[in-house]
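Below is one structure, written out as structure tokens, with a few remarks after it.
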Amino acid sequence: MRVVSLVPSLTEAVALTLPGVLVGATDWCSHPADLDVTRIGGTKNPKVERILALAPDLVIANEEENRAADLDALRAAGVEVLVTEVRRVPQAFAELDRVLTACGAAARPPWLDAAEAAWAGLPGPAERTRAVVPVWRRPWMVLGRDTFAGDVLARLGVDHVYAGHPERYPRVPLEELRAAGAQLVVLPDEPYRFTAGDGPEAFPGLPCALVSGRHLTWYGPSLTEAPRVLAGALRAAHR
């Protein structure tokens with residue numbers, strides 16, 4: 001198989017499970033750190049001609065991260081495209097199994113079983129916390145309805161304030177975020193790189209949890225350690 005991945009988390013999953021199968025990946029595919037494949041542009045602006053030049057048997061994509069027009073162009077050129085949809089944690093395991101099988105895996109990799117067990121074994125949270133979860137600033141954007149990251153947080157006892165919003169990633173003025181009645185602000189380091197010096201200052205008086213975006217939003221091998229890593233970051237915000 002010759003596979004091109006347009007999704008960083010799927011890139012990591014395929015590279016670890018099926019070494020040598022990937023021939024192309026986006027510029028944002030940062031894991032594994034030693035990945036040595038042709039870079040084909042960004043997730044939102046892949047270079048279609050460069051992908052076609054790699055003669056892939058399969059391109060793997062995601063309905064949220066990649067543009068339909070680019071995927072249609074690949075299909076029109078005769079390339080098979082597998083598009084995932086992941087908005088809940090159990091859905092992630094099913095889609096990963098589907099992707100890896102399509103890429104030639106003869107069996108589920110141990111890391112996928114370990115990840116599923118890690119999430120299945122989560123104890124029920126002792127209490128629940130209301131949070132706002134920005135994913136961008138200038139303008140401020142937050143998690144809204146029906147997102148994978150929102151489901152991840154809910155399983156860890158964090159209910160985000162805009163879960164019922166009509167949009168999945170609404171733009172919300174900062175003044176409204178401050179007045180939303182949240183007990184916590186969750187600030188991931190991607191897609192916007194929030195840091196201790198860039199983000200918390202906008203929410204005076206509220207505890208802020210700085211979390212790994214890879215563990216919050218990626219569905220791949222990082223799911224194995226995500227419950228522990230994220231829970232630790234959430235606890236640290238209240239110290």
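Labels used: A, B, ... for chains in the order of the structure tokens, numbers from 1 for residues in each chain, and numbers from 1 for ligands as shown.
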
Taking a cut-off of 10 Å and counting only C-alpha atoms, can you build a table that, for each residue of stretch 178-230 of chain A near stretch 157-173 of chain A, reports the nearest atom pair and how far apart they are in Å (one decimal), sorted by chain then residue number, as a tab-separated table?
residue	atom	partner	partner_atom	distance
A:Arg178	CA	A:Pro173	CA	8.9
A:Ala180	CA	A:Val161	CA	7.2
A:Gly181	CA	A:Val161	CA	8.0
A:Ala182	CA	A:Val161	CA	6.9
A:Gln183	CA	A:Val158	CA	9.8
A:Leu184	CA	A:Val158	CA	8.8
A:Val185	CA	A:His160	CA	9.1
A:Val186	CA	A:His160	CA	9.1

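The residue set within 12 Å of A:Leu18, counting only C-alpha atoms and dropping same-chain residues fewer than 2 places from it, reads Met1, Arg2, Val3, Leu10, Thr11, Glu12, Ala13, Val14, Ala15, Leu16, Gly20, Val21, Leu22, Val23, Val99, Leu100, Thr101, Ala102, Cys103, Gly104, Ala105, Ala106, Ala107, Arg108 and Pro109 of chain A.
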
Practice task
Please identify all polymer residues within 9 Å of A:Lys44, counting only C-alpha atoms, omitting same-chain residues fewer than 5 positions from it, and present them as a ChimeraX atom specification.
Solution key: /A:6,65-67,70

Dump all heavy atoms for the selected residues as a CSV table (one decimal), in the first residue's frame?
chain,number,residue,atom,x,y,z
A,6,LEU,N,-3.9,13.1,5.3
A,6,LEU,CA,-4.2,14.6,5.4
A,6,LEU,C,-4.6,15.0,6.8
A,6,LEU,O,-5.1,16.1,7.0
A,6,LEU,CB,-5.4,15.0,4.4
A,6,LEU,CG,-5.1,14.6,2.9
A,6,LEU,CD1,-6.3,15.2,2.1
A,6,LEU,CD2,-3.8,15.2,2.4
A,65,GLU,N,-11.5,18.3,9.2
A,65,GLU,CA,-10.2,18.9,9.0
A,65,GLU,C,-9.9,19.2,7.5
A,65,GLU,O,-9.0,20.1,7.3
A,65,GLU,CB,-9.1,18.0,9.5
A,65,GLU,CG,-9.1,17.9,11.1
A,65,GLU,CD,-7.8,17.3,11.6
A,65,GLU,OE1,-6.7,17.8,11.3
A,65,GLU,OE2,-7.9,16.3,12.4
A,66,ASN,N,-10.5,18.5,6.6
A,66,ASN,CA,-10.1,18.7,5.2
A,66,ASN,C,-11.3,19.2,4.4
A,66,ASN,O,-12.5,19.0,4.7
A,66,ASN,CB,-9.6,17.4,4.6
A,66,ASN,CG,-8.5,16.8,5.4
A,66,ASN,OD1,-8.7,15.7,6.0
A,66,ASN,ND2,-7.4,17.5,5.6
A,67,ARG,N,-11.0,20.0,3.3
A,67,ARG,CA,-12.1,20.6,2.5
A,67,ARG,C,-12.6,19.6,1.5
A,67,ARG,O,-11.8,18.9,0.8
A,67,ARG,CB,-11.5,21.8,1.8
A,67,ARG,CG,-10.9,22.9,2.7
A,67,ARG,CD,-10.6,24.1,1.9
A,67,ARG,NE,-9.7,23.8,0.8
A,67,ARG,CZ,-9.6,24.6,-0.3
A,67,ARG,NH1,-10.2,25.8,-0.3
A,67,ARG,NH2,-8.8,24.2,-1.3
A,70,ASP,N,-11.1,19.7,-2.1
A,70,ASP,CA,-9.8,19.0,-2.4
A,70,ASP,C,-10.0,17.5,-2.5
A,70,ASP,O,-9.4,16.9,-3.3
A,70,ASP,CB,-8.8,19.3,-1.2
A,70,ASP,CG,-8.4,20.8,-1.1
A,70,ASP,OD1,-8.2,21.4,-2.2
A,70,ASP,OD2,-8.4,21.3,0.0

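Comparing A:Ala231, A:Leu52, A:Val152, A:Ile40 by their smallest distance to A:Ala76, the closest is A:Leu52 (using only C-alpha atoms).
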
Practice task
Pick out the closest residue to A:Thr224 from this set: A:Pro110, A:Ala53, A:Val7, A:Ala61. Count only C-alpha atoms.
Solution key: A:Pro110

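In terms of minimum interatomic distance to A:Val132, A:Cys208 ranks closest within A:Cys208, A:Leu112, A:Leu74, A:Ala117, counting only C-alpha atoms.
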
Practice task
Give the answer as one residue: which of A:Phe93, A:Phe194, A:Trp28, A:Trp140 has the shortest atom-to-atom distance to A:Trp119, using only C-alpha atoms?
Solution key: A:Phe93

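For the pair atom CA of A:Gly213 and atom CA of A:Glu190, the separation is 4.9 Å.
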
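Of the listed residues (A:Ala179, A:Ala120, A:Val48, A:Ala209), A:Ala209 comes nearest to A:Gly232; the distances count only C-alpha atoms.
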
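Remark: for A:Pro139, the closest of the candidate residues A:Gly124, A:Arg87, A:Tyr192, A:Leu156 is A:Tyr192 (distances computed over only C-alpha atoms).
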
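Straight-line separation from atom CA of A:Pro123 to atom CA of A:Val135: 27.1 Å.
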
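You will find atom CA of A:His31 at 14.9 Å from atom CA of A:Glu225.
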
Exercise for the section: Enumerate the residues of stretch 44-196 of chain A with a DSSP assignment of alpha helix (DSSP H), computed from the backbone, and present them as a PyMOL selection string. Expected result: chain A and resi 48-53+68-76+89-102+110-120+148-155+174-178
